[in-house]
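Here is the file input_3.csv (CSV, C-alpha atoms).
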chain,number,residue,atom,x,y,z
A,107,MET,CA,33.5,17.9,-24.5
A,108,SER,CA,31.7,17.2,-21.2
A,109,ASN,CA,29.2,14.4,-20.9
A,110,PRO,CA,25.5,15.2,-20.9
A,111,ASP,CA,23.6,15.2,-17.6
A,112,TRP,CA,21.2,12.6,-18.9
A,113,LEU,CA,23.9,10.0,-19.6
A,114,GLU,CA,23.9,8.1,-16.3
A,115,ARG,CA,20.1,8.1,-16.2
A,116,ALA,CA,19.9,6.8,-19.7
A,117,ALA,CA,22.4,4.1,-19.1
A,118,LEU,CA,20.4,3.0,-16.1
A,119,ARG,CA,17.1,2.9,-18.0
A,120,ALA,CA,18.7,1.0,-20.9
A,121,ARG,CA,19.3,-2.0,-18.6
A,122,SER,CA,15.6,-3.0,-19.1
A,123,ALA,CA,16.2,-3.4,-22.9
A,124,THR,CA,17.6,-6.9,-23.5
A,125,TRP,CA,19.3,-5.8,-26.8
A,126,THR,CA,21.5,-3.2,-25.1
A,127,LEU,CA,25.0,-3.6,-23.7
A,128,ALA,CA,23.6,-2.1,-20.5
A,129,HIS,CA,21.5,-5.2,-20.0
A,130,THR,CA,24.6,-7.5,-20.7
A,131,PHE,CA,26.7,-5.5,-18.3
A,132,GLU,CA,24.0,-5.7,-15.6
A,133,ARG,CA,23.8,-9.5,-16.0
A,134,TYR,CA,27.5,-9.7,-15.8
A,135,ARG,CA,27.7,-7.6,-12.7
A,136,GLN,CA,25.0,-9.8,-11.1
A,137,VAL,CA,26.6,-13.0,-11.9
A,138,GLU,CA,30.2,-12.0,-11.1
A,139,GLU,CA,29.2,-9.7,-8.2
A,140,ARG,CA,31.1,-6.7,-9.7
A,141,THR,CA,30.4,-3.0,-8.9
A,142,GLU,CA,30.2,-0.6,-11.8
A,143,ALA,CA,33.6,0.8,-11.0
A,144,GLU,CA,35.1,-2.7,-11.0
A,145,LEU,CA,33.5,-3.5,-14.4
A,146,ALA,CA,34.8,-0.2,-15.8
A,147,ARG,CA,38.3,-1.1,-14.6
A,148,GLU,CA,38.0,-4.5,-16.1
A,149,LEU,CA,37.2,-3.0,-19.5
A,150,GLY,CA,39.9,-0.5,-19.1
A,151,CYS,CA,37.7,2.6,-19.3
A,152,THR,CA,36.1,5.3,-17.1
A,153,ARG,CA,32.6,5.1,-15.7
A,154,GLU,CA,31.5,7.7,-18.2
A,155,VAL,CA,32.7,5.6,-21.1
A,156,LEU,CA,31.0,2.6,-19.6
A,157,HIS,CA,27.7,4.6,-19.6
A,158,TRP,CA,28.2,5.4,-23.3
A,159,LEU,CA,28.8,1.7,-24.0
A,160,CYS,CA,25.6,0.9,-22.2
A,161,LEU,CA,23.7,2.7,-24.9
A,162,CYS,CA,25.1,0.5,-27.7
A,163,ARG,CA,23.4,-2.4,-29.2
A,164,LYS,CA,25.0,-5.7,-28.0
A,165,PRO,CA,27.2,-7.0,-30.8
A,166,GLU,CA,25.9,-10.3,-32.3
A,167,GLY,CA,25.5,-12.1,-35.6
A,168,LEU,CA,27.9,-12.6,-38.4
A,169,ASN,CA,29.7,-9.2,-38.1
A,170,PHE,CA,30.2,-9.6,-34.3
A,171,ASP,CA,34.0,-8.8,-34.7
A,172,GLU,CA,33.3,-5.8,-36.8
A,173,GLN,CA,30.9,-4.4,-34.3
A,174,VAL,CA,33.1,-5.0,-31.3
A,175,THR,CA,36.1,-3.4,-33.2
A,176,ALA,CA,34.0,-0.3,-34.0
A,177,ILE,CA,33.0,0.0,-30.3
A,178,THR,CA,36.6,-0.3,-29.0
A,179,GLN,CA,37.9,2.1,-31.6
A,180,ARG,CA,35.5,4.8,-30.7
A,181,HIS,CA,35.7,4.3,-26.9
A,182,GLU,CA,39.2,2.9,-26.4
A,183,VAL,CA,38.2,0.0,-24.3
A,184,ASP,CA,39.9,-3.4,-24.0
A,185,LEU,CA,38.6,-5.4,-26.9
A,186,ARG,CA,39.5,-8.8,-25.3
A,187,ALA,CA,37.8,-7.8,-22.0
A,188,LEU,CA,34.7,-6.6,-23.8
A,189,VAL,CA,34.4,-9.9,-25.8
A,190,ASP,CA,34.9,-11.9,-22.6
A,191,VAL,CA,32.1,-10.1,-20.8
A,192,ILE,CA,29.6,-10.5,-23.7
A,193,ARG,CA,30.5,-14.2,-24.2
A,194,HIS,CA,30.4,-14.9,-20.5
A,195,VAL,CA,26.8,-13.6,-20.2
A,196,GLU,CA,25.8,-15.4,-23.4
A,197,ILE,CA,27.0,-18.7,-21.9
A,198,VAL,CA,25.4,-18.2,-18.5
A,199,ASP,CA,22.1,-17.2,-20.1
A,200,ALA,CA,22.2,-20.3,-22.4
A,201,LEU,CA,22.9,-22.6,-19.5
A,202,SER,CA,20.2,-21.1,-17.3
A,203,ARG,CA,17.6,-21.1,-20.1
A,204,PRO,CA,15.0,-24.0,-19.6
A,205,THR,CA,14.8,-26.5,-22.4
A,206,ARG,CA,11.5,-26.8,-24.4
A,207,ASP,CA,10.3,-29.6,-22.1
A,208,SER,CA,12.4,-29.6,-19.1
A,209,ALA,CA,10.6,-32.5,-17.6
A,210,LEU,CA,11.5,-34.9,-20.4
A,211,ALA,CA,14.4,-33.4,-22.2
A,212,GLU,CA,17.8,-33.1,-20.5
A,213,ARG,CA,20.4,-30.4,-21.1
A,214,PRO,CA,23.2,-31.5,-23.5
A,215,ILE,CA,25.7,-31.0,-20.7
A,216,GLN,CA,23.9,-33.4,-18.4
A,217,MET,CA,23.5,-36.0,-21.1
A,218,ALA,CA,27.2,-35.8,-21.8
A,219,ALA,CA,28.0,-36.3,-18.1
A,220,ARG,CA,25.8,-39.4,-18.0
A,221,ASP,CA,27.3,-41.0,-21.1
A,222,ARG,CA,29.9,-42.8,-19.0
A,223,VAL,CA,28.9,-46.3,-18.0
A,224,PRO,CA,29.1,-46.7,-14.1
A,225,GLY,CA,32.2,-48.7,-13.2
A,226,GLU,CA,33.8,-48.1,-16.6
A,227,LYS,CA,37.5,-47.0,-16.5
A,228,THR,CA,38.5,-43.9,-18.2
A,229,SER,CA,41.2,-44.1,-20.9
A,230,SER,CA,43.6,-41.7,-19.0
B,224,MET,CA,21.3,21.2,-29.6
B,225,ARG,CA,19.6,21.2,-33.0
B,226,PHE,CA,17.9,18.4,-34.8
B,227,PRO,CA,19.9,16.9,-37.6
B,228,SER,CA,19.0,17.5,-41.2
B,229,HIS,CA,16.5,15.3,-43.0
B,230,ALA,CA,19.2,13.5,-44.9
B,231,GLU,CA,21.2,12.9,-41.7
B,232,GLU,CA,18.1,11.5,-39.9
B,233,GLN,CA,17.4,9.2,-42.8
B,234,ALA,CA,20.9,7.9,-42.8
B,235,LEU,CA,20.8,7.2,-39.1
B,236,HIS,CA,17.4,5.5,-39.4
B,237,GLU,CA,18.9,3.2,-42.2
B,238,ARG,CA,21.7,2.3,-39.8
B,239,VAL,CA,19.3,1.5,-37.0
B,240,LEU,CA,17.1,-0.6,-39.3
B,241,LYS,CA,19.9,-3.0,-40.0
B,242,LYS,CA,20.3,-3.8,-36.3
B,243,ASN,CA,23.8,-5.0,-36.9
B,244,GLU,CA,25.7,-1.8,-36.0
B,245,SER,CA,26.2,-1.5,-32.3
B,246,LEU,CA,27.1,2.2,-32.4
B,247,ALA,CA,23.9,3.3,-34.2
B,248,SER,CA,21.9,3.3,-31.0
B,249,GLU,CA,24.4,5.4,-29.2
B,250,ASP,CA,24.3,7.9,-32.0
B,251,VAL,CA,20.6,8.1,-31.8
B,252,PHE,CA,20.9,9.1,-28.1
B,253,ARG,CA,23.7,11.6,-29.0
B,254,VAL,CA,21.6,13.2,-31.8
B,255,PHE,CA,18.1,13.2,-30.3
B,256,MET,CA,18.2,13.4,-26.5
B,257,ASP,CA,19.2,17.0,-26.1
B,258,PRO,CA,16.9,18.7,-28.7
B,259,ILE,CA,13.8,16.7,-27.6
B,260,ILE,CA,14.5,17.3,-23.9
B,261,LYS,CA,14.9,21.0,-24.6
B,262,PHE,CA,11.6,21.0,-26.5
B,263,LEU,CA,9.7,19.3,-23.7
B,264,CYS,CA,11.2,21.6,-21.0
B,265,THR,CA,10.7,24.8,-22.9
B,266,HIS,CA,7.4,24.3,-24.7
B,267,ARG,CA,5.7,21.7,-22.6
B,268,GLY,CA,6.7,22.7,-19.2
B,269,LYS,CA,8.3,19.4,-18.2
B,270,THR,CA,11.0,19.2,-15.6
B,271,LYS,CA,14.4,17.9,-16.7
B,272,ASP,CA,13.9,14.6,-14.9
B,273,GLU,CA,10.5,14.0,-16.5
B,274,ALA,CA,11.9,14.9,-19.9
B,275,HIS,CA,15.0,12.7,-19.5
B,276,ASP,CA,12.9,9.6,-18.6
B,277,ALA,CA,10.3,10.2,-21.3
B,278,VAL,CA,12.8,10.8,-24.1
B,279,CYS,CA,15.0,7.9,-23.0
B,280,ASP,CA,12.0,5.5,-23.0
B,281,VAL,CA,10.9,6.6,-26.4
B,282,LEU,CA,14.4,6.2,-28.0
B,283,LEU,CA,14.7,2.7,-26.5
B,284,GLU,CA,11.3,1.8,-27.9
B,285,TYR,CA,12.2,3.2,-31.3
B,286,LEU,CA,15.6,1.4,-31.3
B,287,GLU,CA,13.8,-1.9,-30.4
B,288,ASN,CA,11.2,-1.5,-33.1
B,289,PRO,CA,12.6,0.9,-35.7
B,290,GLU,CA,10.3,-0.5,-38.5
B,291,ARG,CA,7.3,1.2,-36.8
B,292,TYR,CA,8.5,4.6,-38.0
B,293,GLN,CA,7.1,5.3,-41.4
B,294,ALA,CA,9.5,7.7,-43.2
B,295,HIS,CA,6.9,8.8,-45.7
B,296,LYS,CA,4.5,10.2,-43.0
B,297,SER,CA,6.9,12.5,-41.1
B,298,ARG,CA,10.5,13.3,-40.2
B,299,LEU,CA,12.1,11.0,-37.6
B,300,SER,CA,12.7,14.0,-35.3
B,301,THR,CA,9.0,14.9,-35.5
B,302,TYR,CA,8.0,11.3,-34.9
B,303,LEU,CA,10.2,10.9,-31.8
B,304,THR,CA,9.3,14.3,-30.4
B,305,ARG,CA,5.6,13.5,-30.6
B,306,ALA,CA,6.1,10.1,-29.0
B,307,ALA,CA,8.2,11.7,-26.2
B,308,GLU,CA,5.4,14.2,-25.6
B,309,MET,CA,2.8,11.4,-25.3
B,310,GLN,CA,5.2,9.4,-23.1
B,311,ALA,CA,5.7,12.4,-20.8
B,312,ARG,CA,1.9,12.9,-20.6
B,313,ASP,CA,1.3,9.2,-19.8
B,314,MET,CA,4.0,9.2,-17.1
B,315,TYR,CA,2.5,12.3,-15.5
B,316,ARG,CA,-1.0,10.8,-15.6
B,317,SER,CA,0.1,7.5,-14.0
B,318,GLN,CA,2.0,9.4,-11.4
B,319,GLU,CA,-1.1,11.5,-10.7
B,320,ALA,CA,-3.3,8.4,-10.4
B,321,ARG,CA,-0.8,6.8,-8.0
B,322,GLN,CA,-0.8,9.9,-5.8
B,323,ARG,CA,-4.6,10.0,-5.9
B,324,ARG,CA,-4.8,6.4,-4.9
B,325,GLU,CA,-2.4,7.0,-2.0
B,326,ARG,CA,-4.3,10.0,-0.9
B,327,GLU,CA,-7.6,8.1,-0.9
B,328,PHE,CA,-6.1,5.2,1.0
B,329,GLY,CA,-4.6,7.6,3.5
B,330,GLY,CA,-8.1,9.2,3.9
B,331,VAL,CA,-9.7,5.8,4.6
B,332,ILE,CA,-7.1,5.0,7.2
B,333,GLU,CA,-7.6,8.4,8.9
B,334,LEU,CA,-11.4,7.9,8.9
B,335,ARG,CA,-11.2,4.5,10.5
B,336,ALA,CA,-8.7,5.4,13.1
B,337,ARG,CA,-10.3,6.3,16.5
B,338,THR,CA,-9.2,9.1,18.7
B,339,PRO,CA,-7.5,8.0,22.0
B,340,ASN,CA,-10.4,9.4,23.9
B,341,GLU,CA,-12.9,7.3,21.9
B,342,SER,CA,-10.8,4.2,22.3
B,343,LEU,CA,-10.8,4.7,26.1
B,344,GLU,CA,-14.6,5.1,26.1
B,345,ILE,CA,-15.0,1.8,24.2
B,346,ILE,CA,-12.8,0.0,26.7
B,347,VAL,CA,-14.8,1.3,29.6
B,348,GLU,CA,-18.1,0.4,28.0
B,349,ALA,CA,-16.9,-3.1,27.1
B,350,ARG,CA,-15.8,-3.7,30.7
B,351,LEU,CA,-19.2,-2.6,32.0
B,352,ALA,CA,-20.9,-4.9,29.5
B,353,VAL,CA,-18.8,-7.9,30.5
B,354,GLY,CA,-19.7,-7.2,34.1
B,355,ARG,CA,-23.4,-7.2,33.3
B,356,LEU,CA,-23.1,-10.3,31.1
B,357,GLU,CA,-21.4,-12.2,34.0
B,358,GLN,CA,-24.4,-11.4,36.2
B,359,ALA,CA,-26.9,-12.4,33.5
B,360,VAL,CA,-25.2,-15.8,32.7
B,361,GLN,CA,-25.3,-18.6,35.2
B,362,GLU,CA,-22.0,-19.9,36.6
B,363,LYS,CA,-22.3,-23.3,34.8
B,364,ASP,CA,-22.7,-21.6,31.4
B,365,ARG,CA,-19.8,-19.2,31.6
B,366,ALA,CA,-17.1,-21.6,30.5
B,367,ALA,CA,-19.1,-22.7,27.5
B,368,LEU,CA,-20.0,-19.2,26.5
B,369,GLY,CA,-16.4,-18.1,26.8
B,370,LEU,CA,-15.4,-20.8,24.4
B,371,ILE,CA,-18.2,-20.0,21.9
B,372,LEU,CA,-17.2,-16.3,21.9
B,373,GLN,CA,-13.6,-17.3,21.2
B,374,GLY,CA,-14.8,-19.2,18.1
B,375,GLU,CA,-14.4,-22.8,19.5
B,376,ARG,CA,-16.3,-25.2,17.2
B,377,SER,CA,-15.2,-28.6,18.5
B,378,THR,CA,-18.1,-30.7,19.8
B,379,HIS,CA,-16.0,-32.4,22.4
B,380,ALA,CA,-14.4,-29.3,23.7
B,381,LEU,CA,-17.8,-27.6,24.0
B,382,ALA,CA,-19.4,-30.7,25.6
B,383,LYS,CA,-16.7,-30.7,28.2
B,384,ALA,CA,-17.2,-27.1,29.0
B,385,MET,CA,-21.0,-27.7,29.2
B,386,ASN,CA,-20.5,-30.6,31.6
B,387,LEU,CA,-22.4,-33.0,29.4
B,388,PRO,CA,-22.4,-36.7,30.4
B,389,PRO,CA,-20.7,-39.2,28.0
B,390,LEU,CA,-23.1,-39.7,25.1
B,391,PRO,CA,-23.0,-41.4,21.7
B,392,GLU,CA,-21.5,-39.0,19.0
B,393,LYS,CA,-24.9,-38.2,17.4
B,394,ASP,CA,-26.6,-37.4,20.7
B,395,LEU,CA,-23.6,-35.5,21.9
B,396,ARG,CA,-23.7,-33.2,18.8
B,397,ARG,CA,-27.4,-32.7,19.3
B,398,ALA,CA,-27.0,-31.8,23.0
B,399,VAL,CA,-24.1,-29.4,22.3
B,400,LYS,CA,-26.1,-27.7,19.5
B,401,ARG,CA,-29.2,-27.3,21.8
B,402,ASN,CA,-27.0,-25.8,24.6
B,403,ARG,CA,-25.2,-23.5,22.1
B,404,ASP,CA,-28.5,-22.2,20.7
B,405,ARG,CA,-29.8,-21.5,24.2
B,406,LEU,CA,-26.7,-19.6,25.1
B,407,MET,CA,-26.8,-17.6,21.8
B,408,LYS,CA,-30.4,-16.7,22.5
B,409,LEU,CA,-29.5,-15.6,25.9
B,410,LEU,CA,-26.7,-13.5,24.5
B,411,GLY,CA,-29.0,-12.0,21.9
B,412,ARG,CA,-31.5,-11.1,24.6
B,413,PHE,CA,-28.8,-9.6,26.8
B,414,GLY,CA,-27.6,-7.5,23.8
B,415,LYS,CA,-31.1,-6.1,23.3
B,416,GLU,CA,-31.6,-5.3,26.9
B,417,ASP,CA,-28.2,-3.7,27.1
B,418,ARG,CA,-29.0,-1.4,24.2
B,419,ASP,CA,-32.3,-0.4,25.9
B,420,VAL,CA,-30.4,0.3,29.2
B,421,GLN,CA,-27.8,2.5,27.6
B,422,PRO,CA,-28.6,6.3,27.4
Taking this structure as input, can you express it in the form of structure tokens?
Amino acid sequence: MSNPDWLERAALRARSATWTLAHTFERYRQVEERTEAELARELGCTREVLHWLCLCRKPEGLNFDEQVTAITQRHEVDLRALVDVIRHVEIVDALSRPTRDSALAERPIQMAARDRVPGEKTSS
Amino acid sequence: MRFPSHAEEQALHERVLKKNESLASEDVFRVFMDPIIKFLCTHRGKTKDEAHDAVCDVLLEYLENPERYQAHKSRLSTYLTRAAEMQARDMYRSQEARQRREREFGGVIELRARTPNESLEIIVEARLAVGRLEQAVQEKDRAALGLILQGERSTHALAKAMNLPPLPEKDLRRAVKRNRDRLMKLLGRFGKEDRDVQP
């Protein structure tokens, strides 16, 4: 069955909705400087399949595995690659999100880096 | 390209409401895009592109807030089709408004633009006026008048151009103001005479 003529346009418009995979893929492409074709190759699918994936809700929550499996079973994409892309964007977004009071509070990662006392020798 | 049955619609809506099934949103697109696009193109005279964008936006909105649809009031297909109709109308109106604004802006620019012939006439008239002004203003005042017309406001710069002797700051300011007022009056008089001279 051929793909509908609205598919690419819909995938493009879905980027603006943060709950879609289209938004996640767009973020990933921006961060990792990938073209659409490169991303499709990474996921092991065609551009048309990538467009269908764009219309899916981003898997999250307790049944994350179940949702990802359902997507990969229907569209035959690389499960591992899809999970990597989703998690990668989640981490980048979490790190770039400002804390509640960025002037006073430090990010956990910065606090951990400063835990070491200057001049102190590491155990290794 | 037909709408699903009432039971199928309801089942799909239940899946969407849970928000924990990734494929439900894709299925909404698969099920509703084509029949609603067809309705808008056939019965509402929309172009394919207009219909695509309108239906797509409505489905994304529904998928984000599925709880807004009240199943007891209408069928899901009716709800989405009506929303798409309104969306297409809004998009058309905002496009019309944008085009109107651009037309009006273009009109203003056209009205303000001078023809090459008119610009040439203004240049010639300005040159003649400068010539007459040079004759009307004494040699010693020309430098100061030039600075004033360029917008110079510094007391010391104007005092220098007016050839004023070294004075205390307060007196200098007063002298510059007096000279400036005299020159502006002269300019005003010249402007009035110049208008009277012109045909």
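What separates CA of Ala277 in chain B from CA of Ala311 in chain B is a distance of 5.1 Å.
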Determine, using only C-alpha atoms, which residues of chain A have any atom at most 8 Å from an atom of chain B, and tabulate each with its shortest atom pair and distance in Å to one decimal place, rows ordered by chain and then rising number, as a Markdown table.
| residue | atom | partner | partner_atom | distance |
| --- | --- | --- | --- | --- |
| A:Trp112 | CA | B:His275 | CA | 6.2 |
| A:Arg115 | CA | B:His275 | CA | 7.6 |
| A:Ala116 | CA | B:Cys279 | CA | 6.0 |
| A:Arg119 | CA | B:Cys279 | CA | 7.4 |
| A:Ala120 | CA | B:Leu283 | CA | 7.1 |
| A:Ala123 | CA | B:Leu283 | CA | 7.2 |
| A:Trp125 | CA | B:Glu287 | CA | 7.6 |
| A:Trp158 | CA | B:Glu249 | CA | 7.0 |
| A:Leu159 | CA | B:Glu249 | CA | 7.8 |
| A:Leu161 | CA | B:Glu249 | CA | 5.1 |
| A:Cys162 | CA | B:Ser245 | CA | 5.1 |
| A:Arg163 | CA | B:Ser245 | CA | 4.3 |
| A:Lys164 | CA | B:Ser245 | CA | 6.1 |
| A:Pro165 | CA | B:Ser245 | CA | 5.8 |
| A:Glu166 | CA | B:Asn243 | CA | 7.3 |
| A:Gly167 | CA | B:Asn243 | CA | 7.4 |
| A:Asn169 | CA | B:Asn243 | CA | 7.3 |
| A:Gln173 | CA | B:Ser245 | CA | 5.9 |
| A:Val174 | CA | B:Ser245 | CA | 7.8 |
| A:Ala176 | CA | B:Leu246 | CA | 7.5 |
| A:Ile177 | CA | B:Leu246 | CA | 6.6 |
Output for the residues just chosen: C-alpha atoms as an mmCIF file, in the coordinates of the input:
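For reference, out_10.cif as written:
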data_model
loop_
_atom_site.group_PDB
_atom_site.id
_atom_site.type_symbol
_atom_site.label_atom_id
_atom_site.label_comp_id
_atom_site.auth_asym_id
_atom_site.auth_seq_id
_atom_site.Cartn_x
_atom_site.Cartn_y
_atom_site.Cartn_z
ATOM 1 C CA TRP A 112 21.200 12.600 -18.900
ATOM 2 C CA ARG A 115 20.100 8.100 -16.200
ATOM 3 C CA ALA A 116 19.900 6.800 -19.700
ATOM 4 C CA ARG A 119 17.100 2.900 -18.000
ATOM 5 C CA ALA A 120 18.700 1.000 -20.900
ATOM 6 C CA ALA A 123 16.200 -3.400 -22.900
ATOM 7 C CA TRP A 125 19.300 -5.800 -26.800
ATOM 8 C CA TRP A 158 28.200 5.400 -23.300
ATOM 9 C CA LEU A 159 28.800 1.700 -24.000
ATOM 10 C CA LEU A 161 23.700 2.700 -24.900
ATOM 11 C CA CYS A 162 25.100 0.500 -27.700
ATOM 12 C CA ARG A 163 23.400 -2.400 -29.200
ATOM 13 C CA LYS A 164 25.000 -5.700 -28.000
ATOM 14 C CA PRO A 165 27.200 -7.000 -30.800
ATOM 15 C CA GLU A 166 25.900 -10.300 -32.300
ATOM 16 C CA GLY A 167 25.500 -12.100 -35.600
ATOM 17 C CA ASN A 169 29.700 -9.200 -38.100
ATOM 18 C CA GLN A 173 30.900 -4.400 -34.300
ATOM 19 C CA VAL A 174 33.100 -5.000 -31.300
ATOM 20 C CA ALA A 176 34.000 -0.300 -34.000
ATOM 21 C CA ILE A 177 33.000 0.000 -30.300
#
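Close contacts of Gly369 in chain B, defined as residues with an atom at most 12 Å away when counting only C-alpha atoms, with chain neighbours fewer than 6 positions off set aside, comprise Val353, Leu356, Glu357, Val360, Glu362, Lys363, Glu375, Arg376, Ala380, Leu381, Ala384, Met385, Arg403, Leu406, Met407 and Leu410 of chain B.
Using all atoms listed in the file, the smallest distance between any of B:Tyr315, B:Phe413, B:Tyr292, B:Phe328 and Glu237 in chain B comes from B:Tyr292.
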Could you state the separation of CA of Glu132 in chain A and CA of Met309 in chain B in Å, given to one decimal place?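 So the answer is 28.9 Å.
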Answer as a ChimeraX atom specification, residues within 12 Å of (24.0, -16.0, -22.4) using only C-alpha atoms: /A:124,129-131,133-134,137,164,166,190-203
CA of Lys400 in chain B to CA of Arg365 in chain B: how many Å, to one decimal?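 Atom-to-atom, CA of Lys400 in chain B and CA of Arg365 in chain B are spaced 16.1 Å apart.
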Shortest contact to His181 in chain A, candidates A:Glu114, A:Asn109, A:Cys160, A:Val155, atoms counted all atoms listed in the file, goes to A:Val155
What lies within 12 Å of Ala382 in chain B using all atoms listed in the file, ignoring chain neighbours under 5 positions off, as a PyMOL selection string? chain B and resi 364+366-368+370-371+375-377+387-392+394-403
Find, counting only C-alpha atoms, the residue in B:Val281, B:Leu409, B:Cys264, B:Ile259 that gets nearest to Thr301 in chain B.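 Distance minimum relative to Thr301 in chain B lands on B:Ile259.
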